[in-house]
Amino acid sequence: MPRKPAHAGLPSRQQILDFIQQSGSPAGKREIARAFGLHGHDKILLKALLKDMADEGLIDSSPGRAFHKAGGVPKVTVLRIVAVEDGAVAVPDNWQGEGPAPKLRVIEKGRRSALALNDRILARTEERGQGHVAHLMKKLGRSTELVMGVVHQEGERFWLKPVDKRERRELPISDLGQAQVGDLVLCEPSGRPPRVSARVDAILGDPFAPRSFSLIAIHKHGLPHAFRDETTEEARRVSSLPLGDKREDLRHLPIVAIDPADARDHDDAIWAQPREDGGWNAIVAIADVSFYVRPTSELDREARRRGNSVYFPDRVVPMLPHELSSDICSLKQGEDRAAMACHLEIAADGTLQKWRFSRAVIRVAANIAYEDAQAAIDRHNEQLSRSSRAQPRGAEESAAERPSTTLGTRGVVEVSSSPCSMPEIEPTLPPVAPELIETALKPLWGAWAALLAARNRREPLELDLPERQVVLDEKGRIASVAPRERLDAHRLVEDFMIAANVAAAKALEAKKTPVMYRVHEAPGREKLVALKDYLATFDMEFALGQVVKPATFNRIIDRVGDSDSRPEIMEQLLRTQTQARYSPENLGHFGLALGSYGHFTSPIRRYADLLVHRALVSAYRLGEGGLPPEDAERFTEIGESISQLERRAMEAERETIDRYVAAYLSDHVGELTDCRITGVQPFGFFATVEGLGGDGLVLAQNLGNEYFRYDEASRALVGEDSGEEYRVGQRLKLRLVEANPVSGGLRFELPEGGYAPAQPRRDRVRRPPQGKRGRPTNIRHQGKRR
């Protein structure tokens with residue numbers, strides 16, 4: 001056992017520096033104390049001495065609490081490769097010293113490994129001559145996710161302002177690279193608090209240029225947006241596969257694809273025909289993606305990695321390459337396309353009686369925009385209405401005995417959408433050929449009447465929450481932001497898709513084949529208790545003991561009517577719901593009031609649908625491209641993965657819309673806007689711009705010269721002097737102070753600065769000095785009530 005050093009009191013500063021420099025391993029306080037034989041109280045004195053030396057700039061600390069000479073390099077540290085031409089050269093990954101970071105030659109034992117620029121390594125360092133060398137210990141991955149932000153300058157220092165509006169801390173930039181002030185960059189953070197800095201990893205360009213807002217979301221969320229050459233080449237190869245002669249030929253049917261006017265792909269088409277018994281035969285034809293994307297192929301691996309397509313106002317990040325998603329698998333007018341056909345027999349009351357699935361070849365008669373389909377059927381119904389008014393009395397009575405061919409939103413009772421739902425139609429050639437109105441649209445609307453009647457009996461959840469639509473001009477600039485109009489044509493297509501999704505799930509159940517269900521469970525008790533407490537603030541009762549159904553929430557909406565609190569209560573009802581997900585376990589779909597439900601209708605953009613297609617191919621023995629047994633065994637794992645990828649896509653899409661809204665509003669900074677309070681917290685309240693969306697903060701400290709108390713039960717800020725309240729759902733005018741397109745954040749203030757009492761109260765709690773950290777100055781601490 002080695003003899004301990006004799007006690008000689010505290011070492012001098014120079015002795016400590018010499019020991020740290022000559023030590024062959026990292027030297028921390030423990031190693032220094034052991035080397036100089038320090039015990040008990042001397043260790044406390046050593047700690048103080050080391051702190052003084054650090055304050056004097058003689059030593060720096062390293063990760064793991066080891067010390068090294070100030071301006072030097074730790075014994076064991078993380079380095080970043082900066083050159084590889086004549087042997088690897090590295091610099092400290094987080095250099096805090098003065099002057100440029102020292103460069104170290106990397107020495108590797110044995111055969112040279114493939115170190116590349118910007119690789120991170122863990123290395124043991126030593127001084128040699130006037131410099132340092134590094135002995136490679138192991139290669140590291142990235143220390144953390146990259147942070148995206150905009151470079152700005154204060155004095156002589158450069159800072160990174162993150163694009164995430166939830167992140168309010170700016171990071172000093174330790175390595176600017178080639179970036180300039182105003183550039184949108186990706187940075188790798190390094191160091192430990194409070195010494196966290198950022199190194200520019202990539203320059204993305206101008207954050208305010210067209211298409212930059214979606215680019216921010218792509219990089220922030222790590223969305224795979226470029227396909228490998230192997231994937232694209234495989235897509236080109238499979239797109240030329242012959243369809244074969246074993247497919248059911250449906251090219252003689254006037255089948256149509258009704259999609260948004262700006263649709264990037266067309267993966268579904270529909271057809272219907274009346275039967276003599278009052279029922280309907282219908283076909284929902286979906287692009288046969290499983291024919292082209294086979295299991296274990298490069299295309300399949302990439303599709304599973306992406307999980308779904310992501311849609312932005314200026315671009316789409318597709319699940320499949322263009323050669324498939326917007327070409328051979330897109331159901332285009334006049335083109336022969338491979339399809340998976342769902343054949344439905346619908347009873348007169350809308351009940352699904354029978355279904356079968358086949359691989360088919362179709363030729364879409366027309367690609368029709370929702371607005372054009374609605375306008376065509378409205379025009380047809382208006383002509384019928386005018387002709388019936390022009391008929392003599394006897395003819396009217398005869399016409400009244402015939403079945404109606406017009407449809408409203410509650411059955412075969414109404415002619416058209418409300419007059420406000422469609423723009424005035426210019427007197428030009430109709431976008432839908434008259435013969436297609438008779439052979440395609442009229443039968444579809446008739447079959448939808450039956451499906452809608454069945455839907456109304458089911459009473460699914462009816463939350464009318466408008467979707468925001470960003471319209472761009474030809475240069476990618478914002479033309480308008482407004483709620484997306486919802487027409488009967490949208491509801492028609494939706495109900496046909498729901499019918500096909502139900503049929504797919506039930507068909508696979510009947511075949512004893514695994515199903516990737518779309519699961520939406522009923523709300524849990526905890527959420528229902530929170531809803532009960534919330535509704536109580538509106539003097540509305542909610543019984544916890546009842547059997548909760550979607551209709552339960554619809555009744556709440558009906559009771560609210562058109563009151564000002566309707567949007568707020570609708571949003572609360574949405575928050576009460578669970579999040580839909582994918583699972584092989586059938587737990588039903590609460591929102592749609594369905595017992596079995598899978599996603600079948602969008603295999604171009606959802607991997608879950610592709611799995612359902614493959615299961616149908618296997619169950620019905622439709623040829624190649626079926627579901628492999630190993631995938632069926634991993635359905636739980638795959639379901640969890642694609643559910644997470646779906647949530648990532650939704651968040652990216654929502655944040656991008658917020659950025660476009662902020663950009664649109666940036667021209668209105670300083671103006672008064674109509675707002676609605678969406679959330680209240682002790683530090684302030686959040687508000688959204690009516691009709692546009694976006695969330696902005698009003699700080700409680702800017703509400704005036706009085707204290708505002710947070711009432712958790714009513715979710716309100718209440719002024720102690722005036723009794724003035726700011727509560728969720730309240731409508732008010734606010735002045736837009738800031739609109740940040742890069743983060744999507746908004747900031748508001750009251751038009752006149754809020755309430756100000758004439759005389760200050762003597763018993764008011766003294767405010768802490770401005771500029772200090774801690775609780776906002778106008779929020780008084782609320783202790784527990786006993």
# chains A, B, ... in the order shown; residues from 1 in each chain; ligands from 1
call {"tool": "select_by_dssp", "arguments": {"residues": "range 453-643 of chain A", "states": "helix (DSSP H, G or I)", "output": "MDAnalysis selection string"}}
result
chainID A and resid 453:458 488:510 525:536 550:560 566:576 607:619 629:633 635:643
call {"tool": "closest_atom_pairs", "arguments": {"of": "range 471-535 of chain A", "to": "range 661-675 of chain A", "cutoff": "8 Å", "atoms": "only C-alpha atoms", "output": "tab-separated table"}}
result
residue	atom	partner	partner_atom	distance
A:Ile478	CA	A:Tyr664	CA	6.7
A:Ser480	CA	A:Tyr664	CA	7.7
A:Val481	CA	A:Val661	CA	6.9
call {"tool": "write_last_selection", "arguments": {"atoms": "N, CA and C atoms", "output": "mmCIF file, in the first residue's frame"}}
result
data_model
loop_
_atom_site.group_PDB
_atom_site.id
_atom_site.type_symbol
_atom_site.label_atom_id
_atom_site.label_comp_id
_atom_site.auth_asym_id
_atom_site.auth_seq_id
_atom_site.Cartn_x
_atom_site.Cartn_y
_atom_site.Cartn_z
ATOM 1 N N ILE A 478 -47.691 35.993 -48.781
ATOM 2 C CA ILE A 478 -49.006 35.759 -48.183
ATOM 3 C C ILE A 478 -50.048 36.644 -48.850
ATOM 4 N N SER A 480 -53.586 35.919 -48.246
ATOM 5 C CA SER A 480 -54.657 36.022 -47.250
ATOM 6 C C SER A 480 -54.531 34.898 -46.244
ATOM 7 N N VAL A 481 -55.107 35.125 -45.067
ATOM 8 C CA VAL A 481 -55.237 34.110 -44.027
ATOM 9 C C VAL A 481 -56.672 34.180 -43.528
#
call {"tool": "residues_around", "arguments": {"residues": "range 631-642 of chain A", "least_positions_apart": "2", "cutoff": "10 Å", "atoms": "only C-alpha atoms", "output": "PyMOL selection string"}}
result
chain A and resi 295-296+304-308+513-518+581-585+606-608+611+615+627-629+644-648
call {"tool": "atom_distance", "arguments": {"atom1": "CA of Gly129 in chain A", "atom2": "CA of Glu31 in chain A"}}
result
25.6 Å
call {"tool": "closest_residue", "arguments": {"among": "A:Ala287, A:Ala269, A:Leu50, A:Ala652", "to": "Arg605 in chain A", "atoms": "only C-alpha atoms"}}
result
A:Ala287
call {"tool": "residues_around", "arguments": {"residues": "Asp183 in chain A", "least_positions_apart": "4", "cutoff": "9 Å", "atoms": "only C-alpha atoms", "output": "PyMOL selection string"}}
result
chain A and resi 149-152+179+203-207
call {"tool": "select_by_dssp", "arguments": {"residues": "range 136-174 of chain A", "states": "strand (DSSP E)", "output": "NGL selection string"}}
result
:A and (136-140 or 147-154 or 157-162 or 171-174)
call {"tool": "write_last_selection", "arguments": {"atoms": "C-alpha atoms", "output": "short mmCIF file (atom, residue, chain, number, x, y, z; two decimals), in the first residue's frame"}}
result
data_model
loop_
_atom_site.label_atom_id
_atom_site.label_comp_id
_atom_site.auth_asym_id
_atom_site.auth_seq_id
_atom_site.Cartn_x
_atom_site.Cartn_y
_atom_site.Cartn_z
CA LEU A 136 -8.43 9.43 -29.46
CA MET A 137 -10.52 7.53 -26.90
CA LYS A 138 -13.81 7.21 -28.80
CA LYS A 139 -15.94 8.89 -31.40
CA LEU A 140 -19.11 10.59 -30.15
CA VAL A 147 -31.05 24.64 -31.97
CA MET A 148 -32.47 26.82 -34.73
CA GLY A 149 -32.42 30.56 -34.46
CA VAL A 150 -31.53 33.90 -35.98
CA VAL A 151 -28.14 35.55 -35.53
CA HIS A 152 -28.10 39.04 -34.07
CA GLN A 153 -25.38 41.24 -32.67
CA GLU A 154 -25.12 43.25 -29.46
CA ARG A 157 -20.89 39.71 -29.33
CA PHE A 158 -23.11 37.56 -31.49
CA TRP A 159 -26.22 35.91 -30.08
CA LEU A 160 -28.67 33.23 -31.20
CA LYS A 161 -32.35 34.09 -30.86
CA PRO A 162 -34.20 30.72 -30.95
CA LEU A 171 -27.40 31.86 -26.41
CA PRO A 172 -24.02 33.45 -27.01
CA ILE A 173 -22.46 32.19 -30.22
CA SER A 174 -18.96 30.84 -29.68
#
call {"tool": "residues_around", "arguments": {"residues": "Thr125 in chain A", "least_positions_apart": "3", "cutoff": "9 Å", "atoms": "only C-alpha atoms", "output": "JSON, numbers by chain"}}
result
{"A": [73, 74, 75, 76, 77, 104, 132, 133, 134, 135, 136]}
call {"tool": "atom_distance", "arguments": {"atom1": "CA of Ala453 in chain A", "atom2": "CA of Gly350 in chain A"}}
result
6.2 Å
call {"tool": "residues_around", "arguments": {"residues": "range 677-692 of chain A", "least_positions_apart": "3", "cutoff": "7 Å", "atoms": "only C-alpha atoms", "output": "JSON, numbers by chain"}}
result
{"A": [468, 481, 482, 483, 661, 673, 674, 695, 696, 697, 698, 699, 700, 710, 715, 716, 727, 728, 729, 730, 731, 776, 779]}
call {"tool": "closest_residue", "arguments": {"among": "A:Ser563, A:Ser618, A:Thr232, A:Gln572", "to": "Lys532 in chain A", "atoms": "only C-alpha atoms"}}
result
A:Gln572
call {"tool": "closest_residue", "arguments": {"among": "A:Arg676, A:Arg228, A:His252, A:Arg484", "to": "Leu732 in chain A", "atoms": "only C-alpha atoms"}}
result
A:Arg676
call {"tool": "closest_residue", "arguments": {"among": "A:Ala88, A:Ala376, A:Ala619, A:Ala551", "to": "Leu592 in chain A", "atoms": "only C-alpha atoms"}}
result
A:Ala551
